[in-house]
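**Student:** Pasting a structure below so you can have a look.
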Amino acid sequence: MAEPMETLDEPGPHDLGQPSTHNHESDKPSTNDGDAALSDSDSDTGSDSDSEDEDQVKLQLQNLEEELGSNPSNYGAHVQFIKLLRKMGELEKLRQARETMSQVFPLSPEMWREWVKDETSLLAGSESLSGFGVTT
């Protein structure tokens with residue numbers, strides 16, 4: 001029985017307790033050229049990722065529009081569709097989406113506040129306003 005004990009104590013690749021001859025300094029992240037290369041590549045892809053994000057949002061909008069066309073009682077799809085339209089600044093589509101949702105579901109107080117905020121910011125930004133904000 002002594003022999004199996006001896007074979008377990010022999011050093012080998014399975015033995016985690018063995019001291020390593022590997023220099024651990026090379027395991028530390030580099031603070032010189034490697035980081036500069038990383039930041040350069042990040043800045044190069046910054047605009048690419050923005051356009052990819054925009055393309056992804058447009059695809060999501062298209063999918064949600066199709067979903068709402070086939071299932072107008074999907075509350076979550078309405079909410080997500082409105083959030084994405086608001087994010088993209090699609091004001092006419094946003095207004096229509098809100099009106100469509102309000103015909104099917106009661107809007108939450110937060111959704112009403114956002115709607116009013118968006119509409120008043122549009123009015124405040126218009127230079128052709130006169131009197132009480134009515135244009136002719």
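Here's how to read the names in the structure tokens: chain A, B, ... by the order shown, residue numbers from 1 in each chain, ligand numbers from 1 in the order shown.
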What lies within 12 Å of Leu68 in chain A using only C-alpha atoms, ignoring chain neighbours under 2 positions off, as a PDB file with N, CA and C atoms, in the first residue's frame?
**Tutor:**
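The resulting file, part35.pdb, is shown below:
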ATOM      1  N   LEU A  61     -37.072  48.533 -34.141  1.00  0.00           N
ATOM      2  CA  LEU A  61     -38.271  49.310 -34.455  1.00  0.00           C
ATOM      3  C   LEU A  61     -39.105  48.619 -35.526  1.00  0.00           C
ATOM      4  N   GLN A  62     -38.444  48.119 -36.538  1.00  0.00           N
ATOM      5  CA  GLN A  62     -39.148  47.426 -37.619  1.00  0.00           C
ATOM      6  C   GLN A  62     -39.851  46.180 -37.079  1.00  0.00           C
ATOM      7  N   ASN A  63     -39.156  45.406 -36.251  1.00  0.00           N
ATOM      8  CA  ASN A  63     -39.745  44.193 -35.675  1.00  0.00           C
ATOM      9  C   ASN A  63     -40.933  44.528 -34.778  1.00  0.00           C
ATOM     10  N   LEU A  64     -40.796  45.587 -33.975  1.00  0.00           N
ATOM     11  CA  LEU A  64     -41.899  45.982 -33.098  1.00  0.00           C
ATOM     12  C   LEU A  64     -43.088  46.491 -33.901  1.00  0.00           C
ATOM     13  N   GLU A  65     -42.811  47.215 -34.973  1.00  0.00           N
ATOM     14  CA  GLU A  65     -43.895  47.713 -35.825  1.00  0.00           C
ATOM     15  C   GLU A  65     -44.674  46.545 -36.439  1.00  0.00           C
ATOM     16  N   GLU A  66     -43.939  45.523 -36.887  1.00  0.00           N
ATOM     17  CA  GLU A  66     -44.588  44.336 -37.436  1.00  0.00           C
ATOM     18  C   GLU A  66     -45.396  43.611 -36.359  1.00  0.00           C
ATOM     19  N   SER A  70     -49.567  42.983 -36.230  1.00  0.00           N
ATOM     20  CA  SER A  70     -50.254  41.694 -36.120  1.00  0.00           C
ATOM     21  C   SER A  70     -50.895  41.478 -34.748  1.00  0.00           C
ATOM     22  N   ASN A  71     -50.409  42.184 -33.731  1.00  0.00           N
ATOM     23  CA  ASN A  71     -50.947  42.014 -32.379  1.00  0.00           C
ATOM     24  C   ASN A  71     -50.996  43.369 -31.666  1.00  0.00           C
ATOM     25  N   PRO A  72     -51.996  44.185 -31.972  1.00  0.00           N
ATOM     26  CA  PRO A  72     -52.062  45.529 -31.392  1.00  0.00           C
ATOM     27  C   PRO A  72     -52.335  45.555 -29.886  1.00  0.00           C
ATOM     28  N   SER A  73     -52.649  44.412 -29.305  1.00  0.00           N
ATOM     29  CA  SER A  73     -52.898  44.383 -27.863  1.00  0.00           C
ATOM     30  C   SER A  73     -51.657  43.971 -27.068  1.00  0.00           C
ATOM     31  N   ASN A  74     -50.493  44.019 -27.683  1.00  0.00           N
ATOM     32  CA  ASN A  74     -49.240  43.695 -27.006  1.00  0.00           C
ATOM     33  C   ASN A  74     -48.729  44.958 -26.303  1.00  0.00           C
ATOM     34  N   TYR A  75     -49.050  45.067 -25.021  1.00  0.00           N
ATOM     35  CA  TYR A  75     -48.700  46.258 -24.236  1.00  0.00           C
ATOM     36  C   TYR A  75     -47.192  46.503 -24.226  1.00  0.00           C
ATOM     37  N   GLY A  76     -46.414  45.461 -23.957  1.00  0.00           N
ATOM     38  CA  GLY A  76     -44.958  45.597 -23.875  1.00  0.00           C
ATOM     39  C   GLY A  76     -44.347  46.093 -25.173  1.00  0.00           C
ATOM     40  N   ALA A  77     -44.888  45.624 -26.302  1.00  0.00           N
ATOM     41  CA  ALA A  77     -44.378  46.064 -27.600  1.00  0.00           C
ATOM     42  C   ALA A  77     -44.669  47.547 -27.812  1.00  0.00           C
ATOM     43  N   HIS A  78     -45.844  48.006 -27.386  1.00  0.00           N
ATOM     44  CA  HIS A  78     -46.169  49.438 -27.489  1.00  0.00           C
ATOM     45  C   HIS A  78     -45.172  50.269 -26.684  1.00  0.00           C
ATOM     46  N   VAL A  79     -44.933  49.857 -25.451  1.00  0.00           N
ATOM     47  CA  VAL A  79     -44.042  50.607 -24.566  1.00  0.00           C
ATOM     48  C   VAL A  79     -42.628  50.642 -25.142  1.00  0.00           C
ATOM     49  N   GLN A  80     -42.135  49.499 -25.588  1.00  0.00           N
ATOM     50  CA  GLN A  80     -40.784  49.428 -26.153  1.00  0.00           C
ATOM     51  C   GLN A  80     -40.683  50.249 -27.429  1.00  0.00           C
ATOM     52  N   PHE A  81     -41.698  50.181 -28.256  1.00  0.00           N
ATOM     53  CA  PHE A  81     -41.731  50.927 -29.518  1.00  0.00           C
ATOM     54  C   PHE A  81     -41.646  52.434 -29.245  1.00  0.00           C
ATOM     55  N   ILE A  82     -42.412  52.899 -28.274  1.00  0.00           N
ATOM     56  CA  ILE A  82     -42.403  54.317 -27.906  1.00  0.00           C
ATOM     57  C   ILE A  82     -41.039  54.724 -27.350  1.00  0.00           C
ATOM     58  N   ALA A  97     -47.440  56.690 -32.537  1.00  0.00           N
ATOM     59  CA  ALA A  97     -47.377  55.498 -31.688  1.00  0.00           C
ATOM     60  C   ALA A  97     -48.071  55.732 -30.351  1.00  0.00           C
ATOM     61  N   THR A 100     -51.827  55.788 -30.984  1.00  0.00           N
ATOM     62  CA  THR A 100     -52.304  54.421 -31.225  1.00  0.00           C
ATOM     63  C   THR A 100     -52.396  53.642 -29.922  1.00  0.00           C
ATOM     64  N   MET A 101     -51.374  53.744 -29.093  1.00  0.00           N
ATOM     65  CA  MET A 101     -51.393  53.026 -27.820  1.00  0.00           C
ATOM     66  C   MET A 101     -52.504  53.541 -26.915  1.00  0.00           C
ATOM     67  N   VAL A 104     -55.801  51.942 -27.294  1.00  0.00           N
ATOM     68  CA  VAL A 104     -55.930  50.548 -26.865  1.00  0.00           C
ATOM     69  C   VAL A 104     -55.762  50.406 -25.354  1.00  0.00           C
TER      70      VAL A 104
END
**Student:** Find the residues around Val57 in chain A up to 12 Å (only C-alpha atoms counted), leave out those fewer than 6 positions away in its own chain, and share them as a ChimeraX atom specification.
**Tutor:** /A:50-51,63-64,80-81,83-90
**Student:** Residues at most 12 Å from Glu99 in chain A, counting only C-alpha atoms, excluding those fewer than 5 positions away in the same chain, as JSON, numbers by chain?
**Tutor:** {"A": [78, 82, 92, 93, 94, 104, 105, 106, 107, 111, 112, 115]}
